[in-house]
$ cat model-v9.tsv   # TSV, C-alpha atoms
chain	number	residue	atom	x	y	z
A	783	MET	CA	-16.38	-11.15	15.38
A	784	LYS	CA	-18.08	-8.60	17.56
A	785	LEU	CA	-15.93	-6.44	19.81
A	786	GLN	CA	-16.74	-6.58	23.49
A	787	ARG	CA	-16.26	-3.97	26.20
A	788	PRO	CA	-13.27	-4.72	28.39
A	789	GLY	CA	-13.96	-6.03	31.85
A	790	ALA	CA	-12.60	-4.58	35.08
A	791	ARG	CA	-9.25	-6.30	34.57
A	792	GLY	CA	-8.90	-4.77	31.10
A	793	TRP	CA	-9.59	-1.25	32.39
A	794	ILE	CA	-7.02	-1.70	35.17
A	795	VAL	CA	-4.36	-2.89	32.71
A	796	ALA	CA	-5.13	0.07	30.40
A	797	LEU	CA	-4.89	2.54	33.30
A	798	VAL	CA	-1.57	1.11	34.53
A	799	LEU	CA	-0.11	1.21	31.01
A	800	ALA	CA	-1.27	4.81	30.52
A	801	LEU	CA	0.35	5.84	33.81
A	802	VAL	CA	3.61	4.10	32.88
A	803	VAL	CA	3.68	5.84	29.50
A	804	ILE	CA	2.84	9.29	30.89
A	805	VAL	CA	4.65	9.32	34.24
A	806	GLY	CA	7.49	6.89	33.50
A	807	PRO	CA	9.69	9.24	31.43
A	808	MET	CA	9.47	11.87	34.19
A	809	LEU	CA	10.84	9.44	36.78
A	810	VAL	CA	13.83	8.16	34.79
A	811	PRO	CA	16.89	10.46	34.83
A	812	HIS	CA	18.23	11.23	31.38
A	813	ALA	CA	21.08	13.20	29.88
A	814	GLU	CA	20.64	16.70	28.59
A	815	GLU	CA	18.93	16.80	25.23
A	816	HIS	CA	20.91	17.68	22.14
A	817	GLU	CA	20.27	17.86	18.43
A	818	ALA	CA	21.94	15.62	15.90
A	819	TRP	CA	24.42	17.14	13.45
A	820	TRP	CA	22.12	16.59	10.47
A	821	SER	CA	19.45	18.79	12.00
A	822	SER	CA	21.67	21.80	11.21
A	823	ILE	CA	21.52	21.11	7.44
A	824	PRO	CA	19.10	23.59	5.82
A	825	ALA	CA	15.82	21.92	4.75
A	826	TRP	CA	17.02	18.59	6.17
A	827	TRP	CA	13.57	17.34	7.14
A	828	ALA	CA	12.12	18.33	3.75
A	829	ILE	CA	14.88	16.42	1.97
A	830	PHE	CA	14.48	13.47	4.32
A	831	GLY	CA	10.71	13.43	3.73
A	832	LEU	CA	11.17	13.57	-0.05
A	833	LEU	CA	13.66	10.71	0.02
A	834	ALA	CA	11.50	8.61	2.35
A	835	ALA	CA	8.37	9.14	0.24
A	836	SER	CA	10.28	8.36	-2.97
A	837	ALA	CA	11.67	5.18	-1.41
A	838	ALA	CA	8.19	4.12	-0.29
A	839	ILE	CA	6.77	4.70	-3.78
A	840	LEU	CA	9.61	2.84	-5.48
A	841	LEU	CA	9.41	-0.03	-3.00
A	842	SER	CA	5.66	-0.40	-3.51
A	843	ALA	CA	6.12	-0.33	-7.30
A	844	LEU	CA	8.83	-2.99	-7.05
A	845	LEU	CA	6.70	-5.21	-4.82
A	846	GLY	CA	3.73	-4.75	-7.15
A	847	TRP	CA	5.85	-5.67	-10.13
A	848	MET	CA	7.27	-8.72	-8.38
A	849	PHE	CA	4.12	-10.14	-6.79
A	850	LEU	CA	0.97	-8.59	-8.26
A	851	GLU	CA	1.41	-8.19	-12.00
A	852	GLN	CA	0.52	-11.22	-14.07
A	853	GLY	CA	1.11	-12.12	-17.70
A	854	GLU	CA	-1.46	-11.38	-20.38
A	855	ASP	CA	-2.53	-15.02	-20.51
A	856	PHE	CA	-2.83	-15.43	-16.73
A	857	TYR	CA	-6.46	-16.53	-17.02
A	858	GLY	CA	-5.80	-18.63	-20.10
A	859	GLU	CA	-7.25	-16.17	-22.60
A	860	GLY	CA	-4.29	-16.42	-24.95
A	861	SER	CA	-4.27	-20.22	-24.96
A	862	GLU	CA	-6.45	-22.81	-26.69
A	863	GLY	CA	-9.81	-22.02	-25.10
A	864	GLY	CA	-9.77	-18.26	-25.18
A	865	ASP	CA	-12.94	-16.25	-24.97
A	866	GLY	CA	-13.99	-16.61	-28.58
A	867	LEU	CA	-13.50	-12.99	-29.58
A	868	GLU	CA	-10.84	-13.80	-32.17
A	869	GLU	CA	-13.01	-16.26	-34.03
A	870	GLU	CA	-15.07	-15.50	-37.12
A	871	GLY	CA	-18.27	-13.72	-36.21
A	872	GLY	CA	-17.07	-12.68	-32.77
A	873	ARG	CA	-17.42	-9.28	-31.19
A	874	ASP	CA	-14.19	-7.98	-32.79
A	875	ASP	CA	-15.54	-8.70	-36.29
A	876	ALA	CA	-18.78	-6.87	-35.51
A	877	ASN	CA	-16.91	-3.82	-34.18
A	878	THR	CA	-14.64	-3.76	-37.22
A	879	ALA	CA	-17.62	-3.96	-39.55
A	880	ARG	CA	-19.39	-1.15	-37.69
A	881	ARG	CA	-16.33	1.11	-37.92
A	882	GLU	CA	-16.02	0.45	-41.64
A	883	GLY	CA	-19.71	1.21	-42.20
A	884	ARG	CA	-20.68	-2.31	-43.13
A	885	SER	CA	-23.48	-4.24	-41.56
A	886	ARG	CA	-22.93	-7.73	-40.37
$ encode --input "model-v9.tsv" --output "structure tokens"
Amino acid sequence: MKLQRPGARGWIVALVLALVVIVGPMLVPHAEEHEAWWSSIPAWWAIFGLLAASAAILLSALLGWMFLEQGEDFYGEGSEGGDGLEEEGGRDDANTARREGRSR
């Protein structure tokens, strides 16, 4: 799908939205700003960042473990058909013979 330039209507909508986002907060009265109590804790944002990053890493590991990891025989390699490497004369036998100094 190729992106197209917006038409006149699209530019008008974008301009109106930009004005609402920029000018809107200046027009609405709001209470005096204050800081939350946890902002007074030393290194609060560093601790918060560490906890948030740790939670994101653990959550991604959990989701990977639940949905992405598959068993060893997912493609049927451990079942009847296999890939033939365990059989006599397969690649494993040749590698074993090479390590032991024997020729095939």
$ atom_distance --input "model-v9.tsv" --atom1 "CA of Ile794 (chain A)" --atom2 "CA of Gly806 (chain A)"
16.9 Å
$ axis_aligned_box --input "model-v9.tsv" --around "region 819-826 of chain A" --padding-each-side "6 Å" --output "JSON"
{"center_x": 20.1, "center_y": 20.1, "center_z": 9.1, "size_x": 20.6, "size_y": 19.0, "size_z": 20.7}
$ atom_distance --input "model-v9.tsv" --atom1 "CA of Pro824 (chain A)" --atom2 "CA of Ser836 (chain A)"
19.7 Å
$ atom_distance --input "model-v9.tsv" --atom1 "CA of Gln786 (chain A)" --atom2 "CA of Ile804 (chain A)"
26.3 Å
